[in-house]
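Visitor: One file is attached below, my_file.cif, containing mmCIF, C-alpha atoms.
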data_upload
loop_
_atom_site.group_PDB
_atom_site.id
_atom_site.type_symbol
_atom_site.label_atom_id
_atom_site.label_comp_id
_atom_site.auth_asym_id
_atom_site.auth_seq_id
_atom_site.Cartn_x
_atom_site.Cartn_y
_atom_site.Cartn_z
ATOM 1 C CA MET A 1 5.376 21.531 2.429
ATOM 2 C CA GLU A 2 3.262 19.304 0.197
ATOM 3 C CA PHE A 3 2.264 15.977 1.765
ATOM 4 C CA SER A 4 -0.376 14.220 -0.306
ATOM 5 C CA ILE A 5 -1.440 10.629 -0.824
ATOM 6 C CA THR A 6 -2.949 9.357 -4.083
ATOM 7 C CA VAL A 7 -4.656 5.964 -4.079
ATOM 8 C CA LEU A 8 -3.700 4.383 -7.409
ATOM 9 C CA GLY A 9 -5.063 0.948 -6.512
ATOM 10 C CA ALA A 10 -6.960 -0.401 -3.496
ATOM 11 C CA ARG A 11 -8.102 -3.851 -4.634
ATOM 12 C CA GLY A 12 -6.689 -7.026 -3.092
ATOM 13 C CA SER A 13 -5.611 -10.403 -4.452
ATOM 14 C CA VAL A 14 -6.369 -9.868 -8.169
ATOM 15 C CA PRO A 15 -7.395 -6.885 -10.304
ATOM 16 C CA VAL A 16 -11.040 -6.701 -11.363
ATOM 17 C CA SER A 17 -13.015 -4.708 -13.909
ATOM 18 C CA GLY A 18 -16.583 -3.906 -14.828
ATOM 19 C CA SER A 19 -19.360 -1.506 -13.916
ATOM 20 C CA ALA A 20 -19.780 -3.054 -10.444
ATOM 21 C CA PHE A 21 -16.281 -1.861 -9.491
ATOM 22 C CA SER A 22 -16.128 1.553 -11.142
ATOM 23 C CA ARG A 23 -16.204 3.800 -8.068
ATOM 24 C CA TYR A 24 -13.824 2.026 -5.679
ATOM 25 C CA GLY A 25 -11.692 0.715 -8.534
ATOM 26 C CA GLY A 26 -10.283 -2.597 -9.628
ATOM 27 C CA ALA A 27 -6.510 -2.004 -9.665
ATOM 28 C CA THR A 28 -4.443 -3.790 -7.032
ATOM 29 C CA THR A 29 -2.580 -2.057 -4.247
ATOM 30 C CA CYS A 30 -0.411 0.935 -5.069
ATOM 31 C CA VAL A 31 -0.249 4.318 -3.344
ATOM 32 C CA LEU A 32 1.717 7.398 -4.365
ATOM 33 C CA VAL A 33 3.052 9.700 -1.636
ATOM 34 C CA HIS A 34 4.236 13.196 -2.584
ATOM 35 C CA ALA A 35 6.089 14.779 0.324
ATOM 36 C CA GLY A 36 8.289 17.796 -0.309
ATOM 37 C CA GLU A 37 10.506 16.859 -3.238
ATOM 38 C CA GLN A 38 9.995 13.127 -2.725
ATOM 39 C CA TYR A 39 7.709 10.895 -4.778
ATOM 40 C CA ILE A 40 7.349 7.533 -3.027
ATOM 41 C CA LEU A 41 5.360 4.541 -4.211
ATOM 42 C CA LEU A 42 3.977 2.101 -1.668
ATOM 43 C CA ASP A 43 3.705 -1.297 -3.386
ATOM 44 C CA ALA A 44 3.593 -1.963 -7.111
ATOM 45 C CA GLY A 45 0.172 -3.396 -7.819
ATOM 46 C CA THR A 46 -1.584 -2.712 -11.104
ATOM 47 C CA GLY A 47 -2.400 0.786 -9.885
ATOM 48 C CA MET A 48 1.252 1.628 -10.649
ATOM 49 C CA MET A 49 0.349 1.540 -14.337
ATOM 50 C CA SER A 50 -1.620 4.791 -13.824
ATOM 51 C CA LEU A 51 1.025 7.120 -12.415
ATOM 52 C CA PRO A 52 -0.105 10.766 -12.584
ATOM 53 C CA GLU A 53 1.762 13.178 -14.830
ATOM 54 C CA ASP A 54 3.664 14.928 -12.027
ATOM 55 C CA ALA A 55 5.186 11.600 -10.956
ATOM 56 C CA MET A 56 5.955 10.638 -14.557
ATOM 57 C CA ARG A 57 7.955 13.872 -14.944
ATOM 58 C CA GLN A 58 10.297 13.004 -12.066
ATOM 59 C CA ASP A 59 13.822 11.818 -12.856
ATOM 60 C CA ALA A 60 13.767 9.443 -9.869
ATOM 61 C CA LEU A 61 11.090 7.637 -7.861
ATOM 62 C CA THR A 62 11.266 5.409 -4.795
ATOM 63 C CA LEU A 63 9.265 2.199 -4.385
ATOM 64 C CA LEU A 64 8.782 0.664 -0.935
ATOM 65 C CA LEU A 65 7.651 -2.942 -1.320
ATOM 66 C CA THR A 66 5.779 -4.304 1.696
ATOM 67 C CA HIS A 67 6.035 -7.934 0.530
ATOM 68 C CA PRO A 68 6.517 -9.816 -2.742
ATOM 69 C CA HIS A 69 3.089 -11.344 -3.299
ATOM 70 C CA VAL A 70 2.055 -11.175 -6.928
ATOM 71 C CA ASP A 71 -0.828 -8.707 -6.583
ATOM 72 C CA HIS A 72 1.608 -6.183 -5.077
ATOM 73 C CA MET A 73 4.130 -6.428 -7.944
ATOM 74 C CA LEU A 74 2.042 -6.851 -11.102
ATOM 75 C CA GLY A 75 2.185 -3.181 -12.084
ATOM 76 C CA LEU A 76 5.972 -2.874 -12.071
ATOM 77 C CA PRO A 77 6.877 -4.414 -15.461
ATOM 78 C CA LEU A 78 4.045 -2.597 -17.274
ATOM 79 C CA CYS A 79 4.430 0.839 -15.692
ATOM 80 C CA PRO A 80 5.281 3.443 -18.377
ATOM 81 C CA TYR A 81 7.843 5.024 -16.040
ATOM 82 C CA VAL A 82 10.247 2.063 -16.261
ATOM 83 C CA MET A 83 10.127 2.153 -20.065
ATOM 84 C CA SER A 84 12.342 5.244 -20.206
ATOM 85 C CA ASP A 85 16.141 5.086 -20.051
ATOM 86 C CA ARG A 86 16.108 8.563 -18.494
ATOM 87 C CA LYS A 87 14.361 7.408 -15.315
ATOM 88 C CA ARG A 88 15.646 5.860 -12.066
ATOM 89 C CA LEU A 89 13.641 3.687 -9.684
ATOM 90 C CA ASP A 90 14.988 2.778 -6.246
ATOM 91 C CA ILE A 91 13.244 -0.303 -4.820
ATOM 92 C CA TYR A 92 13.413 -1.092 -1.089
ATOM 93 C CA ALA A 93 12.270 -4.377 0.459
ATOM 94 C CA VAL A 94 12.989 -6.456 3.548
ATOM 95 C CA PRO A 95 14.850 -9.706 2.672
ATOM 96 C CA ARG A 96 12.391 -12.597 2.886
ATOM 97 C CA GLY A 97 12.972 -16.316 2.649
ATOM 98 C CA GLY A 98 16.657 -15.707 1.992
ATOM 99 C CA LYS A 99 15.828 -13.427 -0.962
ATOM 100 C CA ASP A 100 16.830 -9.775 -1.131
ATOM 101 C CA ALA A 101 14.833 -7.118 -2.971
ATOM 102 C CA ARG A 102 16.328 -7.920 -6.371
ATOM 103 C CA THR A 103 15.779 -11.672 -6.026
ATOM 104 C CA GLN A 104 12.181 -11.179 -4.891
ATOM 105 C CA ILE A 105 11.387 -9.150 -8.002
ATOM 106 C CA CYS A 106 13.288 -11.529 -10.267
ATOM 107 C CA SER A 107 11.421 -14.525 -8.852
ATOM 108 C CA LEU A 108 8.280 -13.218 -10.560
ATOM 109 C CA LEU A 109 9.731 -11.331 -13.521
ATOM 110 C CA ALA A 110 11.541 -14.263 -15.071
ATOM 111 C CA PRO A 111 10.645 -17.141 -17.408
ATOM 112 C CA PRO A 112 8.471 -19.139 -17.354
ATOM 113 C CA LEU A 113 6.263 -16.763 -15.338
ATOM 114 C CA TRP A 114 7.217 -13.538 -17.170
ATOM 115 C CA PRO A 115 9.319 -12.948 -20.296
ATOM 116 C CA VAL A 116 11.069 -9.677 -19.365
ATOM 117 C CA GLY A 117 13.176 -9.338 -16.220
ATOM 118 C CA PRO A 118 14.014 -6.010 -14.538
ATOM 119 C CA GLU A 119 17.485 -6.050 -16.101
ATOM 120 C CA LEU A 120 15.845 -5.687 -19.545
ATOM 121 C CA LEU A 121 13.695 -2.696 -18.598
ATOM 122 C CA PRO A 122 15.136 0.609 -19.871
ATOM 123 C CA ALA A 123 14.980 2.468 -16.547
ATOM 124 C CA ASP A 124 17.860 2.453 -14.072
ATOM 125 C CA ILE A 125 16.402 0.145 -11.404
ATOM 126 C CA ARG A 126 18.358 -0.117 -8.156
ATOM 127 C CA PHE A 127 17.635 -2.453 -5.244
ATOM 128 C CA HIS A 128 18.111 -1.835 -1.521
ATOM 129 C CA ASP A 129 17.323 -3.537 1.793
ATOM 130 C CA LEU A 130 14.511 -1.857 3.708
ATOM 131 C CA THR A 131 15.756 -1.136 7.220
ATOM 132 C CA GLU A 132 13.729 -0.263 10.337
ATOM 133 C CA THR A 133 14.361 3.444 9.754
ATOM 134 C CA LEU A 134 15.034 5.108 6.421
ATOM 135 C CA SER A 135 15.483 8.765 5.483
ATOM 136 C CA LEU A 136 14.261 9.902 2.075
ATOM 137 C CA GLY A 137 14.851 13.631 1.876
ATOM 138 C CA GLU A 138 12.350 15.266 4.232
ATOM 139 C CA VAL A 139 10.563 11.953 4.810
ATOM 140 C CA THR A 140 11.355 9.533 7.619
ATOM 141 C CA VAL A 141 10.191 5.966 7.004
ATOM 142 C CA ASP A 142 9.789 3.548 9.923
ATOM 143 C CA ALA A 143 9.073 -0.125 9.271
ATOM 144 C CA MET A 144 7.810 -2.891 11.513
ATOM 145 C CA GLU A 145 6.986 -6.508 10.742
ATOM 146 C CA GLY A 146 3.333 -7.470 10.503
ATOM 147 C CA LEU A 147 1.509 -10.783 10.678
ATOM 148 C CA HIS A 148 0.999 -12.216 7.167
ATOM 149 C CA PRO A 149 1.971 -15.487 5.461
ATOM 150 C CA GLY A 150 5.578 -14.946 4.373
ATOM 151 C CA GLY A 151 5.806 -11.667 6.300
ATOM 152 C CA VAL A 152 4.924 -8.062 5.520
ATOM 153 C CA SER A 153 6.343 -4.622 6.335
ATOM 154 C CA LEU A 154 4.072 -2.045 7.937
ATOM 155 C CA LEU A 155 5.251 1.442 6.967
ATOM 156 C CA ARG A 156 5.002 4.788 8.748
ATOM 157 C CA LEU A 157 5.979 7.916 6.829
ATOM 158 C CA THR A 158 6.549 11.179 8.696
ATOM 159 C CA ALA A 159 7.007 14.560 7.020
ATOM 160 C CA GLY A 160 6.058 18.140 7.812
ATOM 161 C CA GLY A 161 4.860 17.093 11.263
ATOM 162 C CA LYS A 162 2.283 14.681 9.765
ATOM 163 C CA ARG A 163 2.220 10.883 9.897
ATOM 164 C CA LEU A 164 0.893 8.294 7.471
ATOM 165 C CA VAL A 165 0.707 4.567 8.277
ATOM 166 C CA PHE A 166 0.404 2.088 5.407
ATOM 167 C CA ALA A 167 -0.546 -1.379 6.616
ATOM 168 C CA THR A 168 -1.754 -3.677 3.886
ATOM 169 C CA ASP A 169 -1.926 -7.486 4.097
ATOM 170 C CA CYS A 170 -1.644 -7.790 7.849
ATOM 171 C CA THR A 171 -3.698 -9.448 10.560
ATOM 172 C CA LEU A 172 -4.062 -7.539 13.799
ATOM 173 C CA ASN A 173 -4.949 -9.687 16.785
ATOM 174 C CA THR A 174 -4.508 -9.687 20.555
ATOM 175 C CA ALA A 175 -0.952 -11.026 20.234
ATOM 176 C CA SER A 176 0.223 -8.271 17.899
ATOM 177 C CA GLU A 177 -2.092 -5.410 18.755
ATOM 178 C CA GLN A 178 -0.059 -3.762 21.524
ATOM 179 C CA GLU A 179 3.053 -3.304 19.388
ATOM 180 C CA ALA A 180 0.992 -2.269 16.377
ATOM 181 C CA ALA A 181 -0.989 0.246 18.432
ATOM 182 C CA ALA A 182 2.186 2.138 19.308
ATOM 183 C CA PHE A 183 3.080 2.233 15.603
ATOM 184 C CA PHE A 184 -0.337 3.666 14.663
ATOM 185 C CA ARG A 185 -0.789 5.931 17.676
ATOM 186 C CA ASP A 186 -2.280 9.340 16.779
ATOM 187 C CA CYS A 187 -1.311 9.142 13.106
ATOM 188 C CA ASP A 188 -3.026 11.601 10.771
ATOM 189 C CA LEU A 189 -3.973 8.983 8.194
ATOM 190 C CA ALA A 190 -3.890 5.188 8.170
ATOM 191 C CA LEU A 191 -4.362 3.005 5.112
ATOM 192 C CA LEU A 192 -5.235 -0.289 6.765
ATOM 193 C CA ASP A 193 -6.156 -3.712 5.421
ATOM 194 C CA GLY A 194 -9.790 -4.687 5.917
ATOM 195 C CA GLN A 195 -10.580 -7.234 3.224
ATOM 196 C CA TYR A 196 -13.307 -9.164 5.042
ATOM 197 C CA SER A 197 -16.528 -8.581 6.901
ATOM 198 C CA ASP A 198 -16.709 -9.592 10.567
ATOM 199 C CA ASP A 199 -18.865 -12.566 9.531
ATOM 200 C CA GLU A 200 -16.375 -13.740 6.894
ATOM 201 C CA PHE A 201 -13.266 -13.383 9.004
ATOM 202 C CA PRO A 202 -13.467 -16.557 11.181
ATOM 203 C CA CYS A 203 -13.182 -18.787 8.083
ATOM 204 C CA ARG A 204 -10.286 -16.682 6.762
ATOM 205 C CA ALA A 205 -8.391 -15.909 9.960
ATOM 206 C CA ASP A 206 -5.157 -17.446 8.653
ATOM 207 C CA PHE A 207 -5.205 -15.660 5.283
ATOM 208 C CA GLY A 208 -3.291 -12.602 6.557
ATOM 209 C CA HIS A 209 -5.976 -9.897 6.506
ATOM 210 C CA ASN A 210 -8.407 -8.087 8.827
ATOM 211 C CA SER A 211 -12.112 -7.507 8.878
ATOM 212 C CA TRP A 212 -13.028 -3.902 8.201
ATOM 213 C CA GLY A 213 -14.959 -3.807 11.461
ATOM 214 C CA TYR A 214 -11.929 -4.819 13.492
ATOM 215 C CA ALA A 215 -9.684 -2.450 11.514
ATOM 216 C CA SER A 216 -11.925 0.547 12.148
ATOM 217 C CA ARG A 217 -12.323 -0.233 15.852
ATOM 218 C CA PHE A 218 -8.558 -0.714 16.201
ATOM 219 C CA ALA A 219 -7.904 2.613 14.463
ATOM 220 C CA ALA A 220 -10.300 4.388 16.817
ATOM 221 C CA ARG A 221 -8.566 2.906 19.864
ATOM 222 C CA CYS A 222 -5.232 4.170 18.515
ATOM 223 C CA GLY A 223 -6.496 7.699 17.967
ATOM 224 C CA VAL A 224 -6.105 7.501 14.179
ATOM 225 C CA ARG A 225 -7.553 10.751 12.846
ATOM 226 C CA SER A 226 -8.467 9.564 9.354
ATOM 227 C CA LEU A 227 -8.735 5.997 8.033
ATOM 228 C CA ARG A 228 -9.061 4.398 4.628
ATOM 229 C CA ILE A 229 -9.700 0.659 4.498
ATOM 230 C CA ILE A 230 -7.705 -0.938 1.659
ATOM 231 C CA HIS A 231 -7.225 -4.308 -0.071
ATOM 232 C CA HIS A 232 -10.875 -4.725 -1.049
ATOM 233 C CA ASP A 233 -11.962 -8.283 -1.751
ATOM 234 C CA PRO A 234 -12.122 -8.838 -5.546
ATOM 235 C CA HIS A 235 -15.736 -9.999 -5.216
ATOM 236 C CA ARG A 236 -16.830 -6.885 -3.293
ATOM 237 C CA SER A 237 -18.911 -4.574 -5.491
ATOM 238 C CA ASP A 238 -19.333 -0.826 -5.143
ATOM 239 C CA SER A 239 -22.799 -1.277 -3.648
ATOM 240 C CA ALA A 240 -21.495 -3.767 -1.078
ATOM 241 C CA LEU A 241 -18.711 -1.389 -0.040
ATOM 242 C CA ASP A 242 -21.205 1.490 0.171
ATOM 243 C CA ALA A 243 -23.322 -0.525 2.600
ATOM 244 C CA ALA A 244 -20.299 -1.540 4.695
ATOM 245 C CA ALA A 245 -19.030 2.044 4.823
ATOM 246 C CA GLU A 246 -22.012 3.073 6.945
ATOM 247 C CA ALA A 247 -20.728 0.939 9.833
ATOM 248 C CA ILE A 248 -17.205 2.316 9.473
ATOM 249 C CA ARG A 249 -18.379 5.919 9.488
ATOM 250 C CA ALA A 250 -20.433 5.167 12.599
ATOM 251 C CA VAL A 251 -17.105 4.515 14.368
ATOM 252 C CA ASN A 252 -15.668 7.806 13.084
ATOM 253 C CA PRO A 253 -17.035 10.055 10.303
ATOM 254 C CA ASN A 254 -13.472 10.397 8.946
ATOM 255 C CA TYR A 255 -13.240 6.631 8.317
ATOM 256 C CA ASP A 256 -14.099 5.135 4.922
ATOM 257 C CA PHE A 257 -13.068 2.668 2.236
ATOM 258 C CA ALA A 258 -10.284 3.825 -0.089
ATOM 259 C CA ARG A 259 -11.292 4.745 -3.611
ATOM 260 C CA GLU A 260 -9.010 4.458 -6.614
ATOM 261 C CA GLY A 261 -7.998 7.956 -7.715
ATOM 262 C CA GLU A 262 -8.687 9.560 -4.320
ATOM 263 C CA VAL A 263 -6.200 12.246 -3.285
ATOM 264 C CA ILE A 264 -5.795 12.989 0.443
ATOM 265 C CA ARG A 265 -3.765 16.030 1.480
ATOM 266 C CA LEU A 266 -2.235 16.092 4.932
ATOM 267 C CA CYS A 267 -0.551 19.451 4.372
ATOM 268 C CA GLN A 268 0.124 21.860 1.519
#
Is it possible to express this structure as structure tokens?

Guide:
Amino acid sequence: MEFSITVLGARGSVPVSGSAFSRYGGATTCVLVHAGEQYILLDAGTGMMSLPEDAMRQDALTLLLTHPHVDHMLGLPLCPYVMSDRKRLDIYAVPRGGKDARTQICSLLAPPLWPVGPELLPADIRFHDLTETLSLGEVTVDAMEGLHPGGVSLLRLTAGGKRLVFATDCTLNTASEQEAAAFFRDCDLALLDGQYSDDEFPCRADFGHNSWGYASRFAARCGVRSLRIIHHDPHRSDSALDAAAEAIRAVNPNYDFAREGEVIRLCQ
């Protein structure tokens, strides 16, 4: 079966543009998973505005929202897919702060912050609670809570005997590492937050992210076969990420920073 991952956006916090960000990309976090007959979006950052044609042709898509911070939802109201009344989008999210998936989306997409709410978009948008285990066709989704201000869902998708872990906006530390390690253990691909350098991290330890050094060392300890660091700092240029990638690849040659537009195939 097909099991592929397309990085539509890997930038964190805010989208950026310009020649200094052309290779790793400036769109915020969004990943498309194609597994069997399922097309599953992980977060709805501005990368969601660039859905590939095969996803645009689908009658129904699923969106798994890790958390409702703005940079992970900005692409939803401007995505061409939701502008068609012949499309359906199922959105799953863990209730947070007393707000279910619908209320989380509507908290942003409502005046005075945004003029058009999801109820005005042409597509058939349906909201669901994200549970610890979810079956989507041939795909099994497991979720665990990560350490991030306001909370975040770490996601593991299993299909065709392969495993993907998507863990954006989370801090891994000694208190949470043991449980997280079991979640990551021997996965085929991990997309893991690594916004900061090791030198930057101490001043940002409470911001809800990792250093890329810690993330790569953690992945190696967990037996992660392939790693892409995501949620790049908006100030981090292509040349800076190139230089940092040398240290990551020294941990494992299959470890790197995610690049917008990259397609990774776990099986075909």

Visitor: Using all atoms listed in the file, which residues sit within 12 Å of region 110-121 of chain A once same-chain residues fewer than 2 positions away are excluded, as a VMD selection string?

Guide: chain A and resid 70 73 to 74 76 to 89 91 101 to 108 123 to 127

Visitor: How would the residues just picked look written out with C-alpha atoms as a PDB file, in the frame of the given file?

Guide:
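After the write, result.pdb holds the following:
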ATOM      1  CA  VAL A  70       2.055 -11.175  -6.928  1.00  0.00           C
ATOM      2  CA  MET A  73       4.130  -6.428  -7.944  1.00  0.00           C
ATOM      3  CA  LEU A  74       2.042  -6.851 -11.102  1.00  0.00           C
ATOM      4  CA  LEU A  76       5.972  -2.874 -12.071  1.00  0.00           C
ATOM      5  CA  PRO A  77       6.877  -4.414 -15.461  1.00  0.00           C
ATOM      6  CA  LEU A  78       4.045  -2.597 -17.274  1.00  0.00           C
ATOM      7  CA  CYS A  79       4.430   0.839 -15.692  1.00  0.00           C
ATOM      8  CA  PRO A  80       5.281   3.443 -18.377  1.00  0.00           C
ATOM      9  CA  TYR A  81       7.843   5.024 -16.040  1.00  0.00           C
ATOM     10  CA  VAL A  82      10.247   2.063 -16.261  1.00  0.00           C
ATOM     11  CA  MET A  83      10.127   2.153 -20.065  1.00  0.00           C
ATOM     12  CA  SER A  84      12.342   5.244 -20.206  1.00  0.00           C
ATOM     13  CA  ASP A  85      16.141   5.086 -20.051  1.00  0.00           C
ATOM     14  CA  ARG A  86      16.108   8.563 -18.494  1.00  0.00           C
ATOM     15  CA  LYS A  87      14.361   7.408 -15.315  1.00  0.00           C
ATOM     16  CA  ARG A  88      15.646   5.860 -12.066  1.00  0.00           C
ATOM     17  CA  LEU A  89      13.641   3.687  -9.684  1.00  0.00           C
ATOM     18  CA  ILE A  91      13.244  -0.303  -4.820  1.00  0.00           C
ATOM     19  CA  ALA A 101      14.833  -7.118  -2.971  1.00  0.00           C
ATOM     20  CA  ARG A 102      16.328  -7.920  -6.371  1.00  0.00           C
ATOM     21  CA  THR A 103      15.779 -11.672  -6.026  1.00  0.00           C
ATOM     22  CA  GLN A 104      12.181 -11.179  -4.891  1.00  0.00           C
ATOM     23  CA  ILE A 105      11.387  -9.150  -8.002  1.00  0.00           C
ATOM     24  CA  CYS A 106      13.288 -11.529 -10.267  1.00  0.00           C
ATOM     25  CA  SER A 107      11.421 -14.525  -8.852  1.00  0.00           C
ATOM     26  CA  LEU A 108       8.280 -13.218 -10.560  1.00  0.00           C
ATOM     27  CA  ALA A 123      14.980   2.468 -16.547  1.00  0.00           C
ATOM     28  CA  ASP A 124      17.860   2.453 -14.072  1.00  0.00           C
ATOM     29  CA  ILE A 125      16.402   0.145 -11.404  1.00  0.00           C
ATOM     30  CA  ARG A 126      18.358  -0.117  -8.156  1.00  0.00           C
ATOM     31  CA  PHE A 127      17.635  -2.453  -5.244  1.00  0.00           C
TER      32      PHE A 127
END

Visitor: Taking all atoms listed in the file into account, name the residue in A:Arg249, A:His67, A:Arg156, A:Arg228 that is nearest to Cys170 (chain A).

Guide: A:His67

Visitor: Go through A:Ala220, A:Leu189, A:Ala245, A:Leu155 and flag the residue nearest Cys267 (chain A), using all atoms listed in the file for the distances.

Guide: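 Closest to Cys267 (chain A), using all atoms listed in the file: A:Leu189.
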
Visitor: Can you give me, as a list in words, the residues this file yields under the PyMOL selection byres ((chain A and resi 42-55) around 7)?

Guide: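 Output from the PyMOL selection byres ((chain A and resi 42-55) around 7), applied to this file: Leu8, Gly9, Ala27, Thr28, Thr29, Cys30, Val31, Leu32, Tyr39, Ile40, Leu41, Met56, Arg57, Gln58, Leu63, Leu64, Leu65, Thr66, Asp71, His72, Met73, Leu74, Gly75, Leu76, Leu78, Cys79 and Pro80 of chain A.
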
Visitor: Extract, using all atoms listed in the file, all DNA, RNA and protein residues at most 8 Å from Ser4 (chain A), discarding same-chain residues fewer than 4 positions from it, and format them as a VMD selection string.

Guide: chain A and resid 33 to 35 263 to 268

Visitor: The centre and edge lengths of an axis-aligned box containing all atoms of region 252-262 of chain A present in the file, extended by 4 Å on each side, are to be given in Å to one decimal, as AutoDock Vina command-line options.

Guide:
--center_x -12.5 --center_y 6.5 --center_z 2.7 --size_x 17.0 --size_y 15.7 --size_z 28.8

Visitor: Run the PyMOL selection byres ((chain A and resi 146) around 9) on the file and write out the hits as a list in words.

Guide: Met144, Glu145, Leu147, His148, Gly151, Val152, Ser153, Leu154, Ala167, Asp169, Cys170, Thr171, Leu172, Ser176 and Ala180 of chain A

Visitor: On this structure, the PyMOL selection byres ((chain A and resi 14) around 7) would catch which residues? List them as a list in words, sorted by chain and number.

Guide: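 For this structure, the PyMOL selection byres ((chain A and resi 14) around 7) captures Gly12, Ser13, Pro15, Val16, Thr28, Asp71 and Pro234 of chain A.
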
Visitor: Rounded to one decimal, what separation in Å do you get between CA of Ser135 (chain A) and CA of Asp59 (chain A)?

Guide: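 For CA of Ser135 (chain A) relative to CA of Asp59 (chain A), the distance reads 18.7 Å.
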
Visitor: Quick one: pull the distance between CA of Ser211 (chain A) and CA of Asp193 (chain A), Å, one decimal.

Guide: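 We find that CA of Ser211 (chain A) and CA of Asp193 (chain A) lie 7.9 Å from each other.
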
Visitor: Given all atoms listed in the file as the basis, pick out the residue of A:Ala240, A:Ser17, A:Thr158, A:Asp100 nearest to Leu134 (chain A).

Guide: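 Among the listed residues, the smallest separation from Leu134 (chain A) belongs to A:Thr158.
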
Visitor: So how many Å separate CA of Asp186 (chain A) and CA of Arg225 (chain A), to one decimal?

Guide: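 That distance, rounded to one decimal, is 6.7 Å.
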
Visitor: Counting all atoms listed in the file, which residue out of A:Arg96, A:Lys162, A:Arg23, A:His209 sits closest to Gln195 (chain A)?

Guide: A:His209

Visitor: So which one's closest to Glu138 (chain A), A:Gln38, A:Gln178, A:Asn210, A:Ser19? Using all atoms listed in the file, please.

Guide: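 When distances to Glu138 (chain A) are compared using all atoms listed in the file, the smallest one comes from A:Gln38.
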
Visitor: From the set A:Leu191, A:Ala250, A:Gly98, A:Gly223, which residue has the shortest atom-to-atom contact distance to Ile5 (chain A), counting only C-alpha atoms?

Guide: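 That would be A:Leu191, the residue with the smallest distance to Ile5 (chain A).
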
Visitor: Tell me which protein, DNA and RNA residues are within 7 Å of Ser226 (chain A), counting all atoms listed in the file, leaving out same-chain ones fewer than 4 positions away, and put them as a list in words.

Guide: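 Counting only the stated atoms, we get Asp188, Leu189, Ala190, Asn254 and Tyr255 of chain A.
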
Visitor: What lies within 8 Å of region 216-219 of chain A using only C-alpha atoms, ignoring chain neighbours under 3 positions off, as number ranges by chain?

Guide: A: 181, 184, 190, 212-213, 222-224, 227, 229, 248, 251, 255
